[in-house]
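Engineer: Mind looking over this structure? Questions follow.
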Amino acid sequence: MSEPVAVTPNAVSYAVRDGIAVLTIENPPVNALGQAVRAGIIAGLDQADADASVQAAVIIGGGRTFIAGADIKEFGKPPTQPYLPDVLKRIEAMTKPVVAALHGTALGGGFEVALTCHWRVGIDSGQVGLPEVKLGLLPGSGGTQRLPRVVGPKVALDMIVSGNPIPNKKAAELGAIDEIVNGDLLDGALAFAKKVVAEKRPLRLVRDMNDKVSNVDPALFADYRKSIEKKAKGFLGPWRCIDAVEIATKLPIDDGLLKEREFFFECMASPQRAAQIHAFFSEREATKIPGLSEDVKPKPIKSAAVLGAGTMGGGIAMNFANAGIPVKLLDVSQEALSKGLGTIEKNYATSVARGSMKQEAMDRAMKLISATQHFEDIGDADIVVEAVFEEMGVKKDVFGKLDKVMKPGAVLATNTSTLDIDEIATSTKRPQDVIGTHFFSPANVMKLLENVRGAKSSPETIATVMALGKQLKKVSVLAGNCDGFIGNRMLHGYLREANFLLEEGCSPEQIDRALEEFGLAMGPFRMGDLAGLDVGWRIRKGKAHLRPKDERYSRVADRLCELGRFGQKTGAGFYTYEGRDARPDPVVKDIILEESKAQGIERREISDEEIVQRCMYPLVNEGAKILEEGIAIRSSDIDIVYLFGYGFPVYRGGPMFWAEQIGLDKVLATIRGFHKTHGKFWEPAKLLVQRAEAGKGWKG
Ligand code: 3H9
C-alpha cells in the first residue's frame, strides 16, 4: 500500500492498495461531512480517476464509523463549497467503480454518499439510515430519490419518515447493501472491488434503477399520510419526507432531486429545524457537568434494588431489567409485590403483543427481576432507588434502614419528585452516597431522568447516576435541590394559570385544545385526569397552612376531588369518561361558574394566544429563576427536561429556546403586562429582565 496522503488536511486520506484507491474519512468523532471532508472526497476521486494504475476506489470511514451525516454544526450558517450534491455528482461521474465500505453508522448524508456509489459492502454490526427528520429536515442529497429506487417506496417511507436506522444485515436483505463482509472491512471491500473489476461489471448507478418507483399506487401515500396524522401533527419534516418520496415515483430523478432540494431548504429555513437541532446538541450537552473532573469515574452498576412495588417502582425496575441489570424489588407486603410483578408482566406482555419486544427479551427481563420483603436481601446491590410514598417521614425512615443494610459505597437514590434530598440524606451516615434520581411516569416509557444532587452528594455519586442514565437509555439532566427541582417547580405556575383561566372565562376543553394545538402531547386537564387529581389535592391540603390568606387560589380542582372525581380512574374529573374518551361535563361547568362568581370575577372571552402565554410564560419565568439560582446548569438543560419529561413539542425546542425565538424582550413585555393585571405571581425573574434589557438570549 502507498503511504497515505491527506488530500485535504486531516479530513480524507488517500492511499493505493493493489491497484485500488482507498479514501479514508478522518473526521472524528463521527466523520461528519464538513467542508474539508466534502472537498477531500472530490480531490481523492479526482486523483483516483487520473491515476492510470488505479482500477477502482473504496470509500471507508476511519475510526468508529462510516460518515454519520452532514456536519450539523454547519447548518444555519452560510453554506460553503463544495456542496454535498457536488460530491455525489463527482461519484456518479467516476469512470471507475466506487465501493462504499460501511461500518458503524452510515447516516443521513453519509448513507446518501453510499447510495450514490456503484456498490456498497458492510459489516454485520453496522447500521444505515436517514435520520434527517429527527432534525426537522428531510434527506437533502438524494436520499428520498435514491432509497425508494433501491428498496421500494414503502420501505423508504418507513425509514425516512421514522428516521430510524436499520442494521446492515437487513439493508443487505433489502438490496441496499450488496455484500456483508465477515472479517476485516477494508480487506473485504478491496476484494469486492477487485471482483467487480475482474468481472468487468458495468458501472451501476441507483439513479438508473426505475423498476421499484414505476407504477406505484398513489393510495400508498394517501394511506401513509393518514397513518402519521396524529404523531406528526405540528411537524413539517415528516410531511415533506412523504412528498419527496412520492415525487420519486412520479418524476425523472433529476427533477426529483431538484424538488427534494427545494423541500430541504424549506425545512432548513423553518424554526423547527433550529429547534430540533438545538434539542440534538442540548441532549448531549446535558451530560457534561462543569467541575466534574474527567478523573472522577462512575461506579459500575451491575446490580440494583428498587423500594416500592407501585407503578413508579415497577417501572423503574423494568428499566434496570431492560438494561440487563438484575434488580430486586422490595415491598412490605407480599400482596403489593405480587400486584407489582403482575403489572410488570402485563406491561411487557403488551409490548410483545404490539411487536415492540420479542418474547425472549421479555423472558430475559422477567428473569432479572426478583422480589423480597426484607431489607437484608438487598444489601449487596450497587444502587438502590427508593420509590415509596411521597412523604418525608416515610422516606427518612426508609433511608435509615438502607443506611444499616446497604454495602459501603452503594448509591442510595430517591425517586422523590419534590422533597428535600438533603433532609432525606440526614437519616443516613453517608450523605455523600445519597442523590435524587427522578424518573417520570410511566417510568418504563418516559426518556427523562432528572438527577438531583444534594449538598453533600459526592462527585462520584453524581457521575454514577449520570452514567446510569446512559446505561438505562435515558436522557439525563442534573438538577439542584429545591422544591420540585427543575420540572415540577416550573409546572406549578403552568397549572396555576390554567386553573385561573377557568375562573376567568375558559372551559377545560378550550384550554386543553389551545395547548394541544401549541403542540403539548396533552393539555393540563386531560393530563390531570390521567395522572389522578387526588395526588395534587393531597399535596395542596398538606401545604394549605403555608398559603397567605389573601393569595388568589382556585378551588375548582379541590371541589371536583371533594365529589370523588379523581380523574380517569374514577370515570370523572375535569371531564367524564367513557373508557378513555373525555367528554365535557355540565357538573364541571357549573362548579367553574360558581367559583368565578364566588371570586367576583367577570367572565370574558379569552383567546388561544392568551391561553398559551398565560400557561407557557410561567415556565419561562420560573425557568429563568431556576437558572439564576443555579438549580439548572444551563438553559438548554431546562429544555431537555420539558422535551423528554413533559411532552413539550420538540419542534419548539423547549420552553427556554422557544422564548428566545420569540425574543426575550417580547416575552418580558407580556409578563410585565400580566404582572400589572394579575399581580405578584407574575413578578419577572431578575435574569429575564437582565437578559431581555441587554438584548441577549440566555447564553450570551
Ligand atoms: C444530513 O445528513 C443532511 C443531508 O441529508 C443533506 C445535507 C446537504 N454533525 O451522539 P454522540 C457529535 S443531516 C456534527 O454522543 P454516539 C455530537 O454532537 C445529519 N456533530 O455519539 C457529539 O459531540 P460532543 C444526519 C455531530 O456514539 C459527538 O459527535 N445525521 C454529528 O452516541 C458524538 O456524538 C444525523 O442526524 C453530526 N452529524 O452516537 C446523525 N453527529 O462529543 C446524528 C454527532 O461534542 N448523530 N455529532 O458532544 C447521531 O445520531 C449520533 O451522534 C451517532 C453517534 C449515532 C452518529
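Chain labels A, B, ... are given in the sequence in which chains occur in the C-alpha cells; within each chain residues are numbered consecutively from 1, and ligands are likewise numbered from 1 in the order shown.
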Could you list, as a JSON list (two decimals) with all heavy atoms, in the first residue's frame, all the residues within 8 Å of ligand 1, counting only C-alpha atoms and all ligand atoms?
Structural biologist:
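Output below, filename pocket-v6.json:
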```json
[["chain", "number", "residue", "atom", "x", "y", "z"],
["A", 28, "PRO", "N", -12.97, 12.74, 13.15],
["A", 28, "PRO", "CA", -13.59, 12.26, 14.38],
["A", 28, "PRO", "C", -14.49, 13.34, 15.01],
["A", 28, "PRO", "O", -14.26, 14.52, 14.75],
["A", 28, "PRO", "CB", -12.39, 11.96, 15.29],
["A", 28, "PRO", "CG", -11.18, 12.48, 14.61],
["A", 28, "PRO", "CD", -11.53, 12.87, 13.23],
["A", 29, "PRO", "N", -15.47, 12.98, 15.82],
["A", 29, "PRO", "CA", -15.71, 11.61, 16.27],
["A", 29, "PRO", "C", -16.58, 10.77, 15.31],
["A", 29, "PRO", "O", -16.56, 9.56, 15.39],
["A", 29, "PRO", "CB", -16.45, 11.82, 17.60],
["A", 29, "PRO", "CG", -17.14, 13.13, 17.45],
["A", 29, "PRO", "CD", -16.29, 13.97, 16.56],
["A", 30, "VAL", "N", -17.37, 11.44, 14.43],
["A", 30, "VAL", "CA", -18.34, 10.63, 13.68],
["A", 30, "VAL", "C", -18.20, 10.81, 12.16],
["A", 30, "VAL", "O", -19.09, 10.46, 11.40],
["A", 30, "VAL", "CB", -19.80, 10.94, 14.12],
["A", 30, "VAL", "CG1", -20.02, 10.57, 15.58],
["A", 30, "VAL", "CG2", -20.19, 12.39, 13.87],
["A", 31, "ASN", "N", -17.04, 11.38, 11.73],
["A", 31, "ASN", "CA", -16.78, 11.58, 10.29],
["A", 31, "ASN", "C", -17.87, 12.39, 9.60],
["A", 31, "ASN", "O", -18.28, 12.07, 8.48],
["A", 31, "ASN", "CB", -16.58, 10.23, 9.59],
["A", 31, "ASN", "CG", -15.27, 9.58, 9.99],
["A", 31, "ASN", "OD1", -14.31, 10.29, 10.31],
["A", 31, "ASN", "ND2", -15.22, 8.26, 9.99],
["A", 32, "ALA", "N", -18.38, 13.42, 10.31],
["A", 32, "ALA", "CA", -19.41, 14.28, 9.70],
["A", 32, "ALA", "C", -18.85, 14.90, 8.42],
["A", 32, "ALA", "O", -17.65, 15.17, 8.31],
["A", 32, "ALA", "CB", -19.84, 15.35, 10.69],
["A", 33, "LEU", "N", -19.78, 15.14, 7.48],
["A", 33, "LEU", "CA", -19.38, 15.61, 6.15],
["A", 33, "LEU", "C", -19.17, 17.12, 6.12],
["A", 33, "LEU", "O", -19.88, 17.83, 5.40],
["A", 33, "LEU", "CB", -20.51, 15.27, 5.17],
["A", 33, "LEU", "CG", -20.53, 13.89, 4.54],
["A", 33, "LEU", "CD1", -21.90, 13.62, 3.93],
["A", 33, "LEU", "CD2", -19.45, 13.77, 3.48],
["A", 34, "GLY", "N", -18.22, 17.59, 6.89],
["A", 34, "GLY", "CA", -17.90, 19.02, 6.87],
["A", 34, "GLY", "C", -17.25, 19.39, 5.53],
["A", 34, "GLY", "O", -16.96, 18.51, 4.70],
["A", 65, "THR", "N", -16.67, 4.78, 12.74],
["A", 65, "THR", "CA", -17.86, 4.77, 11.88],
["A", 65, "THR", "C", -17.58, 5.22, 10.46],
["A", 65, "THR", "O", -16.56, 5.90, 10.19],
["A", 65, "THR", "CB", -18.94, 5.69, 12.51],
["A", 65, "THR", "OG1", -20.14, 5.58, 11.75],
["A", 65, "THR", "CG2", -18.52, 7.15, 12.54],
["A", 68, "ALA", "N", -21.43, 9.79, 9.52],
["A", 68, "ALA", "CA", -22.71, 9.83, 10.25],
["A", 68, "ALA", "C", -23.61, 10.96, 9.77],
["A", 68, "ALA", "O", -24.59, 11.30, 10.43],
["A", 68, "ALA", "CB", -22.47, 9.94, 11.74],
["A", 69, "GLY", "N", -23.26, 11.58, 8.64],
["A", 69, "GLY", "CA", -24.17, 12.60, 8.08],
["A", 69, "GLY", "C", -23.47, 13.91, 7.85],
["A", 69, "GLY", "O", -22.26, 14.06, 8.07],
["A", 70, "ALA", "N", -24.27, 14.87, 7.37],
["A", 70, "ALA", "CA", -23.75, 16.23, 7.19],
["A", 70, "ALA", "C", -23.26, 16.74, 8.54],
["A", 70, "ALA", "O", -23.67, 16.22, 9.59],
["A", 70, "ALA", "CB", -24.87, 17.11, 6.66],
["A", 71, "ASP", "N", -22.40, 17.75, 8.52],
["A", 71, "ASP", "CA", -21.95, 18.34, 9.78],
["A", 71, "ASP", "C", -23.04, 19.30, 10.25],
["A", 71, "ASP", "O", -23.21, 20.39, 9.70],
["A", 71, "ASP", "CB", -20.62, 19.08, 9.56],
["A", 71, "ASP", "CG", -20.06, 19.58, 10.88],
["A", 71, "ASP", "OD1", -20.83, 19.66, 11.87],
["A", 71, "ASP", "OD2", -18.86, 19.89, 10.93],
["A", 72, "ILE", "N", -23.76, 18.87, 11.27],
["A", 72, "ILE", "CA", -24.93, 19.64, 11.71],
["A", 72, "ILE", "C", -24.52, 21.02, 12.22],
["A", 72, "ILE", "O", -25.31, 21.96, 12.20],
["A", 72, "ILE", "CB", -25.69, 18.87, 12.83],
["A", 72, "ILE", "CG1", -25.99, 17.44, 12.38],
["A", 72, "ILE", "CG2", -26.97, 19.54, 13.18],
["A", 72, "ILE", "CD1", -26.47, 16.56, 13.51],
["A", 73, "LYS", "N", -23.27, 21.13, 12.65],
["A", 73, "LYS", "CA", -22.83, 22.44, 13.17],
["A", 73, "LYS", "C", -22.78, 23.48, 12.07],
["A", 73, "LYS", "O", -22.79, 24.68, 12.34],
["A", 73, "LYS", "CB", -21.45, 22.29, 13.82],
["A", 73, "LYS", "CG", -21.50, 21.47, 15.09],
["A", 73, "LYS", "CD", -20.22, 21.61, 15.91],
["A", 73, "LYS", "CE", -20.29, 20.71, 17.12],
["A", 73, "LYS", "NZ", -19.60, 19.42, 16.95],
["A", 74, "GLU", "N", -22.73, 23.03, 10.81],
["A", 74, "GLU", "CA", -22.68, 23.99, 9.69],
["A", 74, "GLU", "C", -24.07, 24.54, 9.36],
["A", 74, "GLU", "O", -24.19, 25.54, 8.67],
["A", 74, "GLU", "CB", -22.11, 23.30, 8.43],
["A", 74, "GLU", "CG", -20.62, 23.05, 8.47],
["A", 74, "GLU", "CD", -20.09, 22.43, 7.16],
["A", 74, "GLU", "OE1", -20.90, 22.10, 6.27],
["A", 74, "GLU", "OE2", -18.86, 22.29, 7.05],
["A", 83, "TYR", "N", -20.60, 21.71, -2.25],
["A", 83, "TYR", "CA", -21.79, 21.23, -1.56],
["A", 83, "TYR", "C", -21.85, 19.70, -1.68],
["A", 83, "TYR", "O", -21.20, 19.12, -2.55],
["A", 83, "TYR", "CB", -23.06, 21.85, -2.15],
["A", 83, "TYR", "CG", -23.00, 23.37, -2.21],
["A", 83, "TYR", "CD1", -23.29, 24.04, -3.40],
["A", 83, "TYR", "CD2", -22.63, 24.12, -1.10],
["A", 83, "TYR", "CE1", -23.23, 25.43, -3.46],
["A", 83, "TYR", "CE2", -22.57, 25.51, -1.15],
["A", 83, "TYR", "CZ", -22.86, 26.16, -2.33],
["A", 83, "TYR", "OH", -22.78, 27.52, -2.39],
["A", 84, "LEU", "N", -22.69, 19.11, -0.85],
["A", 84, "LEU", "CA", -22.78, 17.64, -0.90],
["A", 84, "LEU", "C", -23.23, 17.13, -2.28],
["A", 84, "LEU", "O", -22.66, 16.16, -2.80],
["A", 84, "LEU", "CB", -23.67, 17.13, 0.24],
["A", 84, "LEU", "CG", -23.68, 15.61, 0.41],
["A", 84, "LEU", "CD1", -22.29, 15.03, 0.55],
["A", 84, "LEU", "CD2", -24.53, 15.23, 1.62],
["A", 85, "PRO", "N", -24.23, 17.78, -2.90],
["A", 85, "PRO", "CA", -24.61, 17.30, -4.24],
["A", 85, "PRO", "C", -23.43, 17.33, -5.23],
["A", 85, "PRO", "O", -23.37, 16.49, -6.14],
["A", 85, "PRO", "CB", -25.71, 18.28, -4.67],
["A", 85, "PRO", "CG", -26.31, 18.74, -3.39],
["A", 85, "PRO", "CD", -25.16, 18.82, -2.42],
["A", 105, "THR", "N", -22.20, 3.78, 11.90],
["A", 105, "THR", "CA", -23.49, 4.30, 11.46],
["A", 105, "THR", "C", -23.33, 5.13, 10.19],
["A", 105, "THR", "O", -22.73, 6.20, 10.24],
["A", 105, "THR", "CB", -24.13, 5.16, 12.57],
["A", 105, "THR", "OG1", -23.10, 5.97, 13.16],
["A", 105, "THR", "CG2", -24.76, 4.32, 13.65],
["A", 107, "LEU", "N", -25.19, 7.38, 8.21],
["A", 107, "LEU", "CA", -26.47, 8.07, 8.39],
["A", 107, "LEU", "C", -26.56, 9.31, 7.51],
["A", 107, "LEU", "O", -25.54, 9.91, 7.16],
["A", 107, "LEU", "CB", -26.62, 8.50, 9.86],
["A", 107, "LEU", "CG", -26.62, 7.39, 10.91],
["A", 107, "LEU", "CD1", -26.75, 7.99, 12.31],
["A", 107, "LEU", "CD2", -27.75, 6.40, 10.66],
["A", 108, "GLY", "N", -27.79, 9.70, 7.21],
["A", 108, "GLY", "CA", -28.04, 10.95, 6.50],
["A", 108, "GLY", "C", -27.18, 11.08, 5.26],
["A", 108, "GLY", "O", -27.11, 10.17, 4.42],
["A", 109, "GLY", "N", -26.47, 12.22, 5.18],
["A", 109, "GLY", "CA", -25.60, 12.45, 4.03],
["A", 109, "GLY", "C", -24.59, 11.32, 3.84],
["A", 109, "GLY", "O", -24.15, 11.05, 2.71],
["A", 110, "GLY", "N", -24.23, 10.62, 4.91],
["A", 110, "GLY", "CA", -23.29, 9.50, 4.81],
["A", 110, "GLY", "C", -23.90, 8.36, 4.01],
["A", 110, "GLY", "O", -23.28, 7.78, 3.12],
["A", 112, "GLU", "N", -26.36, 8.77, 2.02],
["A", 112, "GLU", "CA", -26.59, 9.31, 0.66],
["A", 112, "GLU", "C", -25.34, 9.16, -0.20],
["A", 112, "GLU", "O", -25.42, 8.85, -1.39],
["A", 112, "GLU", "CB", -27.04, 10.77, 0.75],
["A", 112, "GLU", "CG", -28.46, 10.89, 1.32],
["A", 112, "GLU", "CD", -28.91, 12.33, 1.53],
["A", 112, "GLU", "OE1", -28.15, 13.09, 2.18],
["A", 112, "GLU", "OE2", -29.99, 12.69, 1.05],
["A", 130, "LEU", "N", -31.59, 7.22, 7.39],
["A", 130, "LEU", "CA", -31.75, 8.62, 7.01],
["A", 130, "LEU", "C", -32.51, 9.33, 8.14],
["A", 130, "LEU", "O", -33.74, 9.44, 8.09],
["A", 130, "LEU", "CB", -32.50, 8.72, 5.67],
["A", 130, "LEU", "CG", -31.75, 8.13, 4.46],
["A", 130, "LEU", "CD1", -32.64, 8.05, 3.23],
["A", 130, "LEU", "CD2", -30.49, 8.97, 4.14],
["A", 131, "PRO", "N", -31.78, 9.78, 9.18],
["A", 131, "PRO", "CA", -32.47, 10.32, 10.36],
["A", 131, "PRO", "C", -32.78, 11.81, 10.28],
["A", 131, "PRO", "O", -33.14, 12.42, 11.29],
["A", 131, "PRO", "CB", -31.43, 10.07, 11.46],
["A", 131, "PRO", "CG", -30.12, 10.18, 10.77],
["A", 131, "PRO", "CD", -30.33, 9.72, 9.36],
["A", 132, "GLU", "N", -32.66, 12.42, 9.10],
["A", 132, "GLU", "CA", -32.82, 13.88, 8.99],
["A", 132, "GLU", "C", -34.11, 14.40, 9.60],
["A", 132, "GLU", "O", -34.15, 15.49, 10.18],
["A", 132, "GLU", "CB", -32.75, 14.30, 7.52],
["A", 132, "GLU", "CG", -31.36, 14.27, 6.89],
["A", 132, "GLU", "CD", -30.97, 12.90, 6.33],
["A", 132, "GLU", "OE1", -31.61, 11.89, 6.70],
["A", 132, "GLU", "OE2", -30.02, 12.85, 5.54],
["A", 134, "LYS", "N", -35.49, 13.71, 12.21],
["A", 134, "LYS", "CA", -35.36, 13.98, 13.65],
["A", 134, "LYS", "C", -34.74, 15.36, 13.91],
["A", 134, "LYS", "O", -34.76, 15.85, 15.02],
["A", 134, "LYS", "CB", -34.52, 12.90, 14.33],
["A", 134, "LYS", "CG", -35.20, 11.54, 14.24],
["A", 134, "LYS", "CD", -34.46, 10.46, 14.98],
["A", 134, "LYS", "CE", -35.19, 9.14, 14.82],
["A", 134, "LYS", "NZ", -34.54, 8.02, 15.42],
["A", 135, "LEU", "N", -34.15, 15.92, 12.87],
["A", 135, "LEU", "CA", -33.56, 17.26, 12.99],
["A", 135, "LEU", "C", -34.43, 18.30, 12.30],
["A", 135, "LEU", "O", -33.99, 19.40, 12.01],
["A", 135, "LEU", "CB", -32.16, 17.27, 12.35],
["A", 135, "LEU", "CG", -31.17, 16.24, 12.90],
["A", 135, "LEU", "CD1", -29.88, 16.26, 12.07],
["A", 135, "LEU", "CD2", -30.85, 16.53, 14.36],
["A", 137, "LEU", "N", -35.65, 18.03, 9.28],
["A", 137, "LEU", "CA", -35.26, 18.11, 7.87],
["A", 137, "LEU", "C", -35.78, 16.90, 7.11],
["A", 137, "LEU", "O", -36.42, 16.02, 7.66],
["A", 137, "LEU", "CB", -33.73, 18.11, 7.79],
["A", 137, "LEU", "CG", -33.01, 19.35, 8.29],
["A", 137, "LEU", "CD1", -31.52, 19.07, 8.43],
["A", 137, "LEU", "CD2", -33.25, 20.52, 7.35],
["A", 138, "LEU", "N", -35.43, 16.86, 5.83],
["A", 138, "LEU", "CA", -35.56, 15.61, 5.09],
["A", 138, "LEU", "C", -34.21, 15.38, 4.43],
["A", 138, "LEU", "O", -33.40, 16.32, 4.36],
["A", 138, "LEU", "CB", -36.68, 15.69, 4.05],
["A", 138, "LEU", "CG", -36.45, 16.58, 2.82],
["A", 138, "LEU", "CD1", -37.33, 16.09, 1.68],
["A", 138, "LEU", "CD2", -36.79, 18.00, 3.14],
["A", 139, "PRO", "N", -33.93, 14.16, 4.00],
["A", 139, "PRO", "CA", -32.65, 13.93, 3.34],
["A", 139, "PRO", "C", -32.54, 14.89, 2.15],
["A", 139, "PRO", "O", -33.45, 14.97, 1.34],
["A", 139, "PRO", "CB", -32.75, 12.47, 2.88],
["A", 139, "PRO", "CG", -33.78, 11.86, 3.79],
["A", 139, "PRO", "CD", -34.75, 12.94, 4.09],
["A", 140, "GLY", "N", -31.43, 15.62, 2.09],
["A", 140, "GLY", "CA", -31.35, 16.70, 1.10],
["A", 140, "GLY", "C", -30.37, 16.43, -0.01],
["A", 140, "GLY", "O", -30.09, 17.32, -0.82],
["A", 141, "SER", "N", -29.82, 15.23, -0.07],
["A", 141, "SER", "CA", -28.87, 14.94, -1.16],
["A", 141, "SER", "C", -29.21, 13.60, -1.80],
["A", 141, "SER", "O", -28.37, 12.72, -1.91],
["A", 141, "SER", "CB", -27.44, 14.97, -0.64],
["A", 141, "SER", "OG", -27.08, 16.31, -0.40],
["A", 142, "GLY", "N", -30.46, 13.50, -2.18],
["A", 142, "GLY", "CA", -30.85, 12.34, -2.99],
["A", 142, "GLY", "C", -31.42, 11.17, -2.22],
["A", 142, "GLY", "O", -31.91, 10.23, -2.82],
["A", 143, "GLY", "N", -31.39, 11.22, -0.90],
["A", 143, "GLY", "CA", -31.88, 10.08, -0.11],
["A", 143, "GLY", "C", -33.32, 9.72, -0.45],
["A", 143, "GLY", "O", -33.68, 8.55, -0.55],
["A", 264, "PHE", "N", -35.87, 20.55, 1.07],
["A", 264, "PHE", "CA", -34.81, 20.57, 2.07],
["A", 264, "PHE", "C", -34.57, 22.01, 2.55],
["A", 264, "PHE", "O", -34.49, 22.27, 3.75],
["A", 264, "PHE", "CB", -33.52, 19.98, 1.47],
["A", 264, "PHE", "CG", -32.36, 19.94, 2.42],
["A", 264, "PHE", "CD1", -32.32, 19.02, 3.45],
["A", 264, "PHE", "CD2", -31.29, 20.82, 2.28],
["A", 264, "PHE", "CE1", -31.24, 18.98, 4.34],
["A", 264, "PHE", "CE2", -30.21, 20.79, 3.16],
["A", 264, "PHE", "CZ", -30.18, 19.86, 4.18],
["A", 280, "PHE", "N", -31.02, 18.31, 19.72],
["A", 280, "PHE", "CA", -29.98, 17.29, 19.50],
["A", 280, "PHE", "C", -28.72, 17.64, 20.30],
["A", 280, "PHE", "O", -28.19, 16.82, 21.06],
["A", 280, "PHE", "CB", -29.65, 17.20, 17.99],
["A", 280, "PHE", "CG", -28.52, 16.25, 17.68],
["A", 280, "PHE", "CD1", -28.76, 14.89, 17.49],
["A", 280, "PHE", "CD2", -27.19, 16.70, 17.58],
["A", 280, "PHE", "CE1", -27.72, 14.01, 17.21],
["A", 280, "PHE", "CE2", -26.15, 15.83, 17.30],
["A", 280, "PHE", "CZ", -26.42, 14.48, 17.11],
["A", 281, "PHE", "N", -28.24, 18.87, 20.14],
["A", 281, "PHE", "CA", -26.99, 19.23, 20.83],
["A", 281, "PHE", "C", -27.22, 19.37, 22.35],
["A", 281, "PHE", "O", -26.34, 19.04, 23.14],
["A", 281, "PHE", "CB", -26.39, 20.51, 20.24],
["A", 281, "PHE", "CG", -25.72, 20.28, 18.91],
["A", 281, "PHE", "CD1", -26.14, 20.92, 17.76],
["A", 281, "PHE", "CD2", -24.66, 19.38, 18.80],
["A", 281, "PHE", "CE1", -25.52, 20.68, 16.53],
["A", 281, "PHE", "CE2", -24.04, 19.13, 17.58],
["A", 281, "PHE", "CZ", -24.47, 19.79, 16.44],
["A", 284, "ARG", "N", -26.94, 16.18, 24.28],
["A", 284, "ARG", "CA", -25.56, 15.75, 24.50],
["A", 284, "ARG", "C", -24.85, 16.64, 25.51],
["A", 284, "ARG", "O", -24.08, 16.18, 26.35],
["A", 284, "ARG", "CB", -24.81, 15.71, 23.17],
["A", 284, "ARG", "CG", -25.22, 14.47, 22.40],
["A", 284, "ARG", "CD", -25.16, 14.55, 20.93],
["A", 284, "ARG", "NE", -25.66, 13.28, 20.38],
["A", 284, "ARG", "CZ", -26.95, 13.01, 20.18],
["A", 284, "ARG", "NH1", -27.87, 13.89, 20.46],
["A", 284, "ARG", "NH2", -27.32, 11.84, 19.71],
["A", 285, "GLU", "N", -25.16, 17.95, 25.47],
["A", 285, "GLU", "CA", -24.50, 18.87, 26.39],
["A", 285, "GLU", "C", -24.93, 18.61, 27.83],
["A", 285, "GLU", "O", -24.14, 18.78, 28.77],
["A", 285, "GLU", "CB", -24.83, 20.32, 26.00],
["A", 285, "GLU", "CG", -23.81, 21.27, 26.59],
["A", 285, "GLU", "CD", -23.94, 22.70, 26.13],
["A", 285, "GLU", "OE1", -24.85, 23.01, 25.32],
["A", 285, "GLU", "OE2", -23.14, 23.52, 26.60]]
```
Engineer: Could you build a table of the residues in region 334-434 of chain A lying no more than 12 Å from region 541-565 of chain A, giving for each the nearest pair of atoms and their separation in Å rounded to one decimal place, using only C-alpha atoms, ordered by chain and ascending residue number, as JSON lines?
Structural biologist:
```
{"residue": "A:Glu390", "atom": "CA", "partner": "A:Gly542", "partner_atom": "CA", "distance": 11.8}
{"residue": "A:Glu391", "atom": "CA", "partner": "A:Gly542", "partner_atom": "CA", "distance": 10.3}
{"residue": "A:Met392", "atom": "CA", "partner": "A:Gly542", "partner_atom": "CA", "distance": 11.9}
```
Engineer: Could those selected residues go to a file with all heavy atoms, as a PDB file, in the first residue's frame?
Structural biologist:
```pdb
ATOM      1  N   GLU A 390     -44.741   9.387  48.829  1.00  0.00           N
ATOM      2  CA  GLU A 390     -44.098  10.710  48.772  1.00  0.00           C
ATOM      3  C   GLU A 390     -44.360  11.514  50.058  1.00  0.00           C
ATOM      4  O   GLU A 390     -45.159  12.452  50.076  1.00  0.00           O
ATOM      5  CB  GLU A 390     -44.611  11.447  47.524  1.00  0.00           C
ATOM      6  CG  GLU A 390     -43.964  12.775  47.201  1.00  0.00           C
ATOM      7  CD  GLU A 390     -42.575  12.677  46.599  1.00  0.00           C
ATOM      8  OE1 GLU A 390     -41.988  11.576  46.573  1.00  0.00           O
ATOM      9  OE2 GLU A 390     -42.060  13.711  46.175  1.00  0.00           O
ATOM     10  N   GLU A 391     -43.702  11.086  51.146  1.00  0.00           N
ATOM     11  CA  GLU A 391     -43.861  11.800  52.410  1.00  0.00           C
ATOM     12  C   GLU A 391     -42.523  11.745  53.135  1.00  0.00           C
ATOM     13  O   GLU A 391     -41.916  10.671  53.239  1.00  0.00           O
ATOM     14  CB  GLU A 391     -44.949  11.112  53.238  1.00  0.00           C
ATOM     15  CG  GLU A 391     -45.691  12.069  54.122  1.00  0.00           C
ATOM     16  CD  GLU A 391     -46.819  11.342  54.851  1.00  0.00           C
ATOM     17  OE1 GLU A 391     -46.523  10.796  55.923  1.00  0.00           O
ATOM     18  OE2 GLU A 391     -47.942  11.313  54.322  1.00  0.00           O
ATOM     19  N   MET A 392     -42.084  12.895  53.631  1.00  0.00           N
ATOM     20  CA  MET A 392     -40.734  12.977  54.198  1.00  0.00           C
ATOM     21  C   MET A 392     -40.493  11.924  55.286  1.00  0.00           C
ATOM     22  O   MET A 392     -39.445  11.267  55.311  1.00  0.00           O
ATOM     23  CB  MET A 392     -40.492  14.399  54.736  1.00  0.00           C
ATOM     24  CG  MET A 392     -39.095  14.643  55.240  1.00  0.00           C
ATOM     25  SD  MET A 392     -37.797  14.231  54.034  1.00  0.00           S
ATOM     26  CE  MET A 392     -37.683  15.760  53.128  1.00  0.00           C
TER      27      MET A 392
END
```
Engineer: Show me, as a list in words, the residues that have an atom within 7 Å of region 516-529 of chain A when counting only C-alpha atoms, minus same-chain residues fewer than 4 positions from it.
Structural biologist: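 My list of contacting residues is Gly234, Leu495, Pro508, Ile511, Asp512, Leu533, Phe566, Gly567, Gln568, Gly573, Phe574, Gly647, Phe648 and Pro649 of chain A.
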Engineer: So, with only C-alpha atoms as the atoms that count, which of A:Ala531, A:Cys506, A:Met159, A:Ala198 lies closest to Cys241 (chain A)?
Structural biologist: A:Met159
Engineer: Can you list, as a list in words, every protein, DNA or RNA residue that comes within 10 Å of region 671-676 of chain A when you count only C-alpha atoms, leaving out same-chain residues fewer than 6 positions away?
Structural biologist: Gln613, Arg614, Tyr617, Pro618, Val620, Asn621, Asp665, Trp682, Glu683, Pro684, Ala685 and Val689 of chain A
Engineer: Compare A:Gln471, A:Gln510, A:Gln661, A:Asn415 by their minimum atom-to-atom distance to Ala275 (chain A), counting only C-alpha atoms, and give me the closest one.
Structural biologist: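 Selected residue with least distance to Ala275 (chain A): A:Gln661.
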Engineer: List as an NGL selection string the protein and nucleic acid residues near region 89-101 of chain A, meaning an atom at most 9 Å away when only C-alpha atoms are counted, but skip any in the same chain fewer than 5 places from it.
Structural biologist: :A and (41-42 or 45-46 or 48-49 or 54-61 or 66 or 84 or 113-123 or 185-186 or 188-190 or 192-193 or 196-197 or 201-205)
